[in-house]
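As provided, query12.cif (mmCIF, C-alpha atoms and all ligand atoms) reads as follows.
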data_target
#
loop_
_atom_site.group_PDB
_atom_site.id
_atom_site.type_symbol
_atom_site.label_atom_id
_atom_site.label_comp_id
_atom_site.auth_asym_id
_atom_site.auth_seq_id
_atom_site.Cartn_x
_atom_site.Cartn_y
_atom_site.Cartn_z
ATOM 1 C CA GLU E 25 -20.593 8.430 5.295
ATOM 2 C CA MET E 26 -17.784 7.289 7.583
ATOM 3 C CA HIS E 27 -16.782 3.867 8.800
ATOM 4 C CA ASP E 28 -17.355 3.206 12.489
ATOM 5 C CA GLY E 29 -15.001 5.042 14.787
ATOM 6 C CA GLY E 30 -13.212 7.021 12.125
ATOM 7 C CA TRP E 31 -9.575 6.383 11.404
ATOM 8 C CA ARG E 32 -6.634 8.324 12.713
ATOM 9 C CA ARG E 33 -3.768 6.305 11.282
ATOM 10 C CA VAL E 34 -3.795 4.315 8.051
ATOM 11 C CA VAL E 35 -1.436 2.432 5.807
ATOM 12 C CA LEU E 36 -1.768 3.262 2.137
ATOM 13 C CA LYS E 37 -0.542 0.532 -0.195
ATOM 14 C CA LEU E 38 0.680 1.751 -3.579
ATOM 15 C CA SER E 39 1.532 -0.824 -6.220
ATOM 16 C CA GLY E 40 4.583 -0.473 -8.378
ATOM 17 C CA GLU E 41 2.311 -0.637 -11.396
ATOM 18 C CA ALA E 42 0.648 2.580 -10.289
ATOM 19 C CA PHE E 43 4.047 4.298 -10.228
ATOM 20 C CA ALA E 44 4.663 3.258 -13.816
ATOM 21 C CA GLY E 45 1.447 4.959 -14.950
ATOM 22 C CA GLY E 46 1.557 5.184 -18.717
ATOM 23 C CA GLU E 47 5.301 4.506 -18.856
ATOM 24 C CA GLN E 48 6.705 1.176 -20.026
ATOM 25 C CA LEU E 49 9.500 1.295 -17.532
ATOM 26 C CA GLY E 50 10.244 3.149 -14.330
ATOM 27 C CA ILE E 51 8.271 6.018 -12.901
ATOM 28 C CA ASP E 52 5.551 8.279 -14.266
ATOM 29 C CA ALA E 53 6.168 11.636 -12.583
ATOM 30 C CA GLY E 54 2.571 12.715 -13.154
ATOM 31 C CA VAL E 55 1.253 9.799 -11.110
ATOM 32 C CA VAL E 56 3.673 10.305 -8.248
ATOM 33 C CA GLN E 57 2.862 14.018 -8.189
ATOM 34 C CA TYR E 58 -0.861 13.247 -8.081
ATOM 35 C CA VAL E 59 -0.462 10.771 -5.233
ATOM 36 C CA ALA E 60 1.853 13.111 -3.314
ATOM 37 C CA GLU E 61 -0.655 15.980 -3.543
ATOM 38 C CA ALA E 62 -3.416 13.766 -2.198
ATOM 39 C CA ILE E 63 -1.298 12.489 0.677
ATOM 40 C CA ALA E 64 -0.282 16.070 1.481
ATOM 41 C CA GLN E 65 -3.942 17.043 1.679
ATOM 42 C CA ALA E 66 -4.809 14.130 3.971
ATOM 43 C CA VAL E 67 -1.874 14.894 6.271
ATOM 44 C CA GLY E 68 -2.942 18.552 6.252
ATOM 45 C CA GLU E 69 -6.304 17.403 7.587
ATOM 46 C CA GLY E 70 -4.546 15.735 10.512
ATOM 47 C CA MET E 71 -4.522 12.140 9.332
ATOM 48 C CA GLN E 72 -1.498 9.957 10.025
ATOM 49 C CA VAL E 73 -0.450 8.293 6.799
ATOM 50 C CA ALA E 74 2.127 5.553 6.344
ATOM 51 C CA VAL E 75 2.768 4.218 2.875
ATOM 52 C CA VAL E 76 3.903 0.801 1.709
ATOM 53 C CA VAL E 77 5.287 0.939 -1.792
ATOM 54 C CA GLY E 78 5.389 -1.997 -4.206
ATOM 55 C CA GLY E 79 7.869 -2.672 -6.936
ATOM 56 C CA GLY E 80 6.061 -4.374 -9.787
ATOM 57 C CA ASN E 81 7.189 -1.633 -12.186
ATOM 58 C CA MET E 82 10.808 -2.552 -11.470
ATOM 59 C CA MET E 83 11.060 -6.239 -10.758
ATOM 60 C CA ARG E 84 8.821 -9.115 -9.732
ATOM 61 C CA GLY E 85 10.584 -11.963 -7.989
ATOM 62 C CA ALA E 86 8.261 -14.736 -9.140
ATOM 63 C CA GLU E 87 8.501 -13.639 -12.787
ATOM 64 C CA LEU E 88 12.266 -13.289 -12.677
ATOM 65 C CA SER E 89 12.708 -16.688 -11.059
ATOM 66 C CA ALA E 90 10.661 -18.222 -13.882
ATOM 67 C CA SER E 91 13.500 -17.152 -16.176
ATOM 68 C CA GLY E 92 16.066 -18.934 -14.045
ATOM 69 C CA VAL E 93 17.178 -16.507 -11.332
ATOM 70 C CA GLU E 94 17.206 -18.212 -7.938
ATOM 71 C CA ARG E 95 13.949 -17.287 -6.206
ATOM 72 C CA GLY E 96 15.445 -15.772 -3.065
ATOM 73 C CA ARG E 97 17.784 -13.576 -5.072
ATOM 74 C CA ALA E 98 14.998 -12.592 -7.452
ATOM 75 C CA ASP E 99 12.850 -11.547 -4.501
ATOM 76 C CA TYR E 100 15.671 -9.462 -3.027
ATOM 77 C CA MET E 101 15.968 -7.758 -6.417
ATOM 78 C CA GLY E 102 12.239 -7.101 -6.195
ATOM 79 C CA MET E 103 12.580 -5.631 -2.714
ATOM 80 C CA LEU E 104 15.388 -3.326 -3.837
ATOM 81 C CA GLY E 105 13.150 -2.110 -6.658
ATOM 82 C CA THR E 106 10.553 -0.918 -4.178
ATOM 83 C CA VAL E 107 13.102 1.421 -2.605
ATOM 84 C CA ILE E 108 13.514 3.334 -5.868
ATOM 85 C CA ASN E 109 9.779 4.013 -5.824
ATOM 86 C CA CYS E 110 9.995 5.053 -2.166
ATOM 87 C CA LEU E 111 12.637 7.663 -2.902
ATOM 88 C CA ALA E 112 10.570 9.008 -5.792
ATOM 89 C CA LEU E 113 7.531 9.390 -3.556
ATOM 90 C CA GLN E 114 9.663 10.978 -0.830
ATOM 91 C CA ASP E 115 10.931 13.567 -3.265
ATOM 92 C CA PHE E 116 7.484 14.525 -4.535
ATOM 93 C CA LEU E 117 6.086 14.680 -1.001
ATOM 94 C CA GLU E 118 8.874 16.923 0.223
ATOM 95 C CA ARG E 119 8.271 19.259 -2.696
ATOM 96 C CA GLN E 120 4.690 19.455 -1.405
ATOM 97 C CA GLY E 121 6.139 20.580 1.927
ATOM 98 C CA VAL E 122 5.387 17.286 3.664
ATOM 99 C CA GLU E 123 8.035 15.906 5.983
ATOM 100 C CA THR E 124 8.813 12.286 5.237
ATOM 101 C CA ARG E 125 10.960 9.409 6.385
ATOM 102 C CA VAL E 126 11.722 6.324 4.361
ATOM 103 C CA GLN E 127 12.245 3.210 6.476
ATOM 104 C CA THR E 128 13.493 0.063 4.807
ATOM 105 C CA ALA E 129 13.452 -3.542 5.921
ATOM 106 C CA ILE E 130 16.888 -3.984 4.332
ATOM 107 C CA HIS E 131 19.496 -1.621 5.723
ATOM 108 C CA MET E 132 20.750 1.084 3.373
ATOM 109 C CA SER E 133 21.671 3.912 5.674
ATOM 110 C CA GLN E 134 22.668 6.447 3.035
ATOM 111 C CA VAL E 135 19.158 6.630 1.637
ATOM 112 C CA ALA E 136 16.785 5.445 4.353
ATOM 113 C CA GLU E 137 16.323 4.762 8.031
ATOM 114 C CA ALA E 138 16.075 1.217 9.235
ATOM 115 C CA TYR E 139 12.578 -0.030 9.938
ATOM 116 C CA ILE E 140 12.039 0.757 13.603
ATOM 117 C CA PRO E 141 8.342 0.472 14.421
ATOM 118 C CA ARG E 142 8.254 2.716 17.465
ATOM 119 C CA ARG E 143 10.219 5.352 15.630
ATOM 120 C CA ALA E 144 7.786 5.114 12.730
ATOM 121 C CA VAL E 145 4.953 5.824 15.148
ATOM 122 C CA ARG E 146 6.782 8.869 16.513
ATOM 123 C CA HIS E 147 7.238 10.224 12.996
ATOM 124 C CA LEU E 148 3.551 9.752 12.280
ATOM 125 C CA GLU E 149 2.588 11.517 15.502
ATOM 126 C CA LYS E 150 4.697 14.470 14.378
ATOM 127 C CA GLY E 151 2.782 14.653 11.099
ATOM 128 C CA ARG E 152 5.473 13.030 8.991
ATOM 129 C CA VAL E 153 4.663 10.537 6.297
ATOM 130 C CA VAL E 154 6.529 7.278 6.776
ATOM 131 C CA ILE E 155 7.270 5.348 3.601
ATOM 132 C CA PHE E 156 8.088 1.686 4.096
ATOM 133 C CA GLY E 157 10.433 0.131 1.559
ATOM 134 C CA ALA E 158 11.982 -3.256 0.781
ATOM 135 C CA GLY E 159 8.859 -5.132 1.799
ATOM 136 C CA LEU E 160 9.267 -7.314 4.860
ATOM 137 C CA GLY E 161 12.908 -7.877 3.996
ATOM 138 C CA ALA E 162 12.183 -11.546 3.359
ATOM 139 C CA PRO E 163 11.655 -13.497 0.147
ATOM 140 C CA PHE E 164 8.330 -15.212 -0.634
ATOM 141 C CA PHE E 165 6.281 -12.331 0.721
ATOM 142 C CA SER E 166 4.551 -9.467 -1.057
ATOM 143 C CA THR E 167 4.251 -5.788 -0.397
ATOM 144 C CA ASP E 168 0.523 -6.395 0.218
ATOM 145 C CA THR E 169 1.477 -8.652 3.106
ATOM 146 C CA THR E 170 3.952 -5.995 4.194
ATOM 147 C CA ALA E 171 1.172 -3.403 4.239
ATOM 148 C CA ALA E 172 -0.933 -5.625 6.501
ATOM 149 C CA GLN E 173 1.969 -6.415 8.820
ATOM 150 C CA ARG E 174 3.133 -2.808 9.107
ATOM 151 C CA ALA E 175 -0.428 -1.629 9.741
ATOM 152 C CA LEU E 176 -0.749 -4.117 12.579
ATOM 153 C CA GLU E 177 2.603 -3.322 14.089
ATOM 154 C CA ILE E 178 2.194 0.471 14.071
ATOM 155 C CA GLY E 179 -1.427 0.320 15.195
ATOM 156 C CA ALA E 180 -3.058 1.611 12.014
ATOM 157 C CA GLN E 181 -6.817 1.202 11.751
ATOM 158 C CA ALA E 182 -6.957 0.135 8.117
ATOM 159 C CA VAL E 183 -5.029 -0.854 5.024
ATOM 160 C CA LEU E 184 -6.028 1.134 1.949
ATOM 161 C CA LYS E 185 -5.186 -0.521 -1.321
ATOM 162 C CA GLY E 186 -5.260 1.801 -4.283
ATOM 163 C CA THR E 187 -5.701 -0.124 -7.537
ATOM 164 C CA GLN E 188 -6.760 0.294 -11.149
ATOM 165 C CA VAL E 189 -10.380 -0.723 -10.488
ATOM 166 C CA ASP E 190 -12.932 0.958 -8.239
ATOM 167 C CA GLY E 191 -13.427 -2.012 -5.933
ATOM 168 C CA VAL E 192 -13.730 -5.775 -5.820
ATOM 169 C CA TYR E 193 -15.960 -7.475 -8.407
ATOM 170 C CA ASP E 194 -17.270 -11.026 -8.714
ATOM 171 C CA SER E 195 -15.502 -11.231 -12.104
ATOM 172 C CA ASP E 196 -13.160 -9.051 -14.141
ATOM 173 C CA PRO E 197 -15.105 -5.845 -14.959
ATOM 174 C CA HIS E 198 -12.802 -5.129 -17.902
ATOM 175 C CA ARG E 199 -13.874 -8.404 -19.552
ATOM 176 C CA ASN E 200 -17.364 -8.994 -18.234
ATOM 177 C CA ALA E 201 -19.845 -6.116 -18.573
ATOM 178 C CA SER E 202 -22.215 -7.749 -16.066
ATOM 179 C CA ALA E 203 -19.571 -8.038 -13.330
ATOM 180 C CA VAL E 204 -21.000 -7.043 -9.947
ATOM 181 C CA LYS E 205 -19.111 -4.887 -7.475
ATOM 182 C CA PHE E 206 -19.117 -5.675 -3.763
ATOM 183 C CA ASP E 207 -19.539 -2.821 -1.282
ATOM 184 C CA ARG E 208 -18.536 -5.032 1.620
ATOM 185 C CA LEU E 209 -16.953 -8.466 1.884
ATOM 186 C CA GLU E 210 -15.886 -10.884 4.556
ATOM 187 C CA TYR E 211 -12.340 -12.165 4.598
ATOM 188 C CA ASN E 212 -13.450 -15.771 4.169
ATOM 189 C CA GLU E 213 -15.388 -14.885 1.057
ATOM 190 C CA VAL E 214 -12.310 -13.284 -0.453
ATOM 191 C CA LEU E 215 -10.279 -16.415 0.260
ATOM 192 C CA THR E 216 -12.806 -19.075 -0.780
ATOM 193 C CA ARG E 217 -13.879 -17.269 -3.956
ATOM 194 C CA GLY E 218 -10.321 -16.314 -4.816
ATOM 195 C CA LEU E 219 -11.310 -12.672 -5.244
ATOM 196 C CA LYS E 220 -8.538 -10.312 -6.251
ATOM 197 C CA VAL E 221 -8.061 -8.153 -3.191
ATOM 198 C CA MET E 222 -4.620 -9.031 -1.888
ATOM 199 C CA ASP E 223 -2.703 -12.302 -1.837
ATOM 200 C CA ALA E 224 -3.922 -14.967 0.567
ATOM 201 C CA THR E 225 -1.124 -14.366 3.085
ATOM 202 C CA ALA E 226 -2.085 -10.706 3.358
ATOM 203 C CA VAL E 227 -5.804 -11.411 3.589
ATOM 204 C CA SER E 228 -5.266 -14.091 6.251
ATOM 205 C CA LEU E 229 -3.179 -11.742 8.339
ATOM 206 C CA CYS E 230 -5.902 -9.089 8.159
ATOM 207 C CA MET E 231 -8.574 -11.685 8.940
ATOM 208 C CA ASP E 232 -6.762 -13.047 11.985
ATOM 209 C CA ASN E 233 -6.419 -9.535 13.381
ATOM 210 C CA GLY E 234 -9.668 -7.918 12.250
ATOM 211 C CA LEU E 235 -7.858 -5.309 10.194
ATOM 212 C CA PRO E 236 -10.089 -3.690 7.537
ATOM 213 C CA ILE E 237 -8.925 -3.550 3.914
ATOM 214 C CA VAL E 238 -10.297 -0.907 1.568
ATOM 215 C CA VAL E 239 -9.842 -1.487 -2.160
ATOM 216 C CA PHE E 240 -10.377 1.634 -4.257
ATOM 217 C CA ASP E 241 -9.495 3.285 -7.564
ATOM 218 C CA LEU E 242 -6.257 5.098 -6.827
ATOM 219 C CA MET E 243 -6.457 7.622 -9.656
ATOM 220 C CA GLY E 244 -10.132 8.544 -9.266
ATOM 221 C CA ALA E 245 -10.518 12.240 -8.436
ATOM 222 C CA GLY E 246 -10.438 12.815 -4.680
ATOM 223 C CA ASN E 247 -10.316 9.106 -3.901
ATOM 224 C CA ILE E 248 -7.122 8.941 -1.891
ATOM 225 C CA VAL E 249 -8.252 11.637 0.525
ATOM 226 C CA ARG E 250 -11.693 10.049 0.816
ATOM 227 C CA ALA E 251 -10.196 6.639 1.531
ATOM 228 C CA VAL E 252 -7.820 8.025 4.144
ATOM 229 C CA ARG E 253 -10.660 9.892 5.857
ATOM 230 C CA GLY E 254 -12.583 6.624 6.123
ATOM 231 C CA GLU E 255 -15.361 7.682 3.777
ATOM 232 C CA LYS E 256 -17.333 4.958 2.063
ATOM 233 C CA ILE E 257 -15.452 4.154 -1.109
ATOM 234 C CA GLY E 258 -14.669 1.103 -3.229
ATOM 235 C CA THR E 259 -14.970 -2.198 -1.396
ATOM 236 C CA ILE E 260 -14.289 -2.775 2.280
ATOM 237 C CA VAL E 261 -13.230 -6.162 3.603
ATOM 238 C CA CYS E 262 -13.845 -6.217 7.322
ATOM 239 C CA PRO E 263 -15.047 -8.382 10.209
HETATM 240 N N1 LIG E 301 9.163 -8.861 -2.211
HETATM 241 C C1 LIG E 301 9.615 -9.835 -1.337
HETATM 242 N N2 LIG E 301 9.264 -9.762 -0.016
HETATM 243 C C2 LIG E 301 8.464 -8.790 0.480
HETATM 244 C C3 LIG E 301 7.968 -7.820 -0.430
HETATM 245 C C4 LIG E 301 8.337 -7.881 -1.758
HETATM 246 O O1 LIG E 301 10.328 -10.737 -1.725
HETATM 247 O O2 LIG E 301 8.197 -8.758 1.690
HETATM 248 C C5 LIG E 301 9.617 -8.877 -3.618
HETATM 249 C C6 LIG E 301 8.884 -9.862 -4.519
HETATM 250 O O3 LIG E 301 9.795 -10.402 -5.424
HETATM 251 C C7 LIG E 301 7.898 -8.984 -5.256
HETATM 252 C C8 LIG E 301 8.676 -7.704 -5.416
HETATM 253 O O4 LIG E 301 9.423 -7.598 -4.199
HETATM 254 O O5 LIG E 301 7.536 -9.531 -6.492
HETATM 255 C C9 LIG E 301 7.850 -6.447 -5.625
HETATM 256 O O6 LIG E 301 6.804 -6.371 -4.694
HETATM 257 P P1 LIG E 301 5.277 -6.595 -5.129
HETATM 258 O O7 LIG E 301 5.201 -7.616 -6.222
HETATM 259 O O8 LIG E 301 4.483 -6.846 -3.903
HETATM 260 O O9 LIG E 301 4.928 -5.161 -5.732
HETATM 261 P P2 LIG E 301 3.547 -4.622 -6.360
HETATM 262 O O10 LIG E 301 2.803 -5.794 -6.961
HETATM 263 O O11 LIG E 301 2.772 -4.003 -5.255
HETATM 264 O O12 LIG E 301 3.967 -3.606 -7.359
#

Could you show the structure in this file as structure tokens?
Amino acid sequence: EMHDGGWRRVVLKLSGEAFAGGEQLGIDAGVVQYVAEAIAQAVGEGMQVAVVVGGGNMMRGAELSASGVERGRADYMGMLGTVINCLALQDFLERQGVETRVQTAIHMSQVAEAYIPRRAVRHLEKGRVVIFGAGLGAPFFSTDTTAAQRALEIGAQAVLKGTQVDGVYDSDPHRNASAVKFDRLEYNEVLTRGLKVMDATAVSLCMDNGLPIVVFDLMGAGNIVRAVRGEKIGTIVCP
């Protein structure tokens, strides 16, 4: 079953936590390999895939600032952490034979292109995977919000958020055995019930622009390709 219209271009949001996998610190090569193989398959099928990479496995600004680091600086540290994950994903994708470009919101020309939206679109049209790093380049935002903003700016049809759970529930399924999963949600419901989809800034941005969000279990077999294809999976938040 496909969502209406079928998608041609999507933004896949990968959390830093996913990159850590079973590791305490840094990057779990097995996870990155798994994700890279799935992206390679989706691109092989003709889908245009851009990726926004988080950095929670490296540094979280809000947590660091709680221990005294000035919030803006802590957030910049967080943004820099995302770039390490980007380069890891780039490496694993290129070993799969997929052409990639990393574009960062903070300039670092030795390792990545600058974020240039129209150039990103050109890369995607040529079958390259574009990996967006350093968030929006501004403190007080998240990489979830970045995923929504980048999707809007490059004309993607959906944001796909790969997580540790297989969708959005009315309560924590790890703690409550009777938690109920939603197949479909409206943006307002996510916001008023405080459901864990993305932060409120990200959800609002998607709501204001009618951009669908798909929440799915990243590591479930075949899930990434299914999500990118627009098959029914996890929970969809849409107009
Ligand atoms: N960050 C930021 N602005 C952005 C994106 C990210 O300041 O536009 C910082 C923020 O400190 C955040 C960190 O980068 O905690 C890592 O990103 P995020 O927490 O979104 O990563 P994830 O939870 O997806 O692993």

Determine the residue membership of the PyMOL selection byres (((chain E and resi 241-245) around 7) and not hetatm) for the file above and supply it as a ChimeraX atom specification. /E:186-191,240,246-248

Could you tell me, counting all atoms listed in the file, which protein and nucleic acid residues lie no more than 7 Å from ligand LIG 301 (chain E), written as a VMD selection string? chain E and resid 38 to 41 77 to 81 83 to 86 98 to 103 105 to 106 158 to 170

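Between atom CA of E:Arg146 and atom CA of E:Gln173 the interatomic distance comes to 17.8 Å.
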
Using all atoms listed in the file, the shortest atom-to-atom distance to E:Val204 among E:Ile108, E:Ala172, E:Ala226, E:Thr259 belongs to E:Thr259

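Those residues that approach E:Ala136 to within 9 Å, counting all atoms listed in the file, are E:Val107, E:Leu111, E:Arg125, E:Val126, E:Gln127, E:Thr128, E:Gly157; same-chain residues fewer than 6 positions away are not listed.
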
So what does the PyMOL selection byres (((chain E and resi 252) around 10) and not hetatm) actually pick up in this one, as a PyMOL selection string? chain E and resi 30-36+62-63+66-67+71-73+182-184+238+247-251+253-255

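Distance-wise, atom CA of E:Gly234 and atom CA of E:Gln181 end up 9.6 Å apart.
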
Starting from the displayed file, determine the output of the PyMOL selection byres (((chain E and resi 64) around 9) and not hetatm) and express the residue list as a PyMOL selection string. chain E and resi 59-63+65-69+117+120-122+153

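Interatomic distance, atom CA of E:Gly96 against atom CA of E:Phe156: 20.3 Å.
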
Please enclose the listed atoms of stretch 177-189 of chain E in an axis-aligned box, pad each side by 4 Å, and write out the centre and the three edge lengths in Å, rounded to one decimal, as AutoDock Vina command-line options.
--center_x -3.9 --center_y -0.8 --center_z 2.0 --size_x 21.0 --size_y 13.1 --size_z 34.3

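Distances from E:Val56, E:Ala175, E:Asn233, E:Gly92 to E:Val75 were compared using all atoms listed in the file, and the smallest one belongs to E:Ala175.
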
Hey, what's within 9 Å of E:Pro141 if we count only C-alpha atoms and toss same-chain stuff fewer than 2 positions away? As JSON, numbers by chain, please? {"E": [139, 143, 144, 145, 146, 174, 177, 178]}

May I have the selected residues written with C-alpha atoms, as a JSON list (two decimals), in the coordinates of the input?
[["chain", "number", "residue", "atom", "x", "y", "z"],
["E", 139, "TYR", "CA", 12.58, -0.03, 9.94],
["E", 143, "ARG", "CA", 10.22, 5.35, 15.63],
["E", 144, "ALA", "CA", 7.79, 5.11, 12.73],
["E", 145, "VAL", "CA", 4.95, 5.82, 15.15],
["E", 146, "ARG", "CA", 6.78, 8.87, 16.51],
["E", 174, "ARG", "CA", 3.13, -2.81, 9.11],
["E", 177, "GLU", "CA", 2.60, -3.32, 14.09],
["E", 178, "ILE", "CA", 2.19, 0.47, 14.07]]

Which residue gives the smallest distance to E:Arg217 among E:Asp194, E:Ala90, E:Glu47, E:Asp52, with all atoms listed in the file counted? E:Asp194

Counting only C-alpha atoms, which of E:Ile140, E:Met231, E:Val154, E:Leu148 gets nearest to E:Gly70? E:Leu148

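Of the residues listed (E:Arg142, E:His147, E:Lys256, E:His131), E:Arg142 shows the shortest atom-to-atom separation from E:Gly179; distances use all atoms listed in the file.
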
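If all atoms listed in the file are the atoms counted, then among E:Thr124, E:Val192, E:Pro236, E:Ala180 the closest residue to E:Lys150 is E:Thr124.
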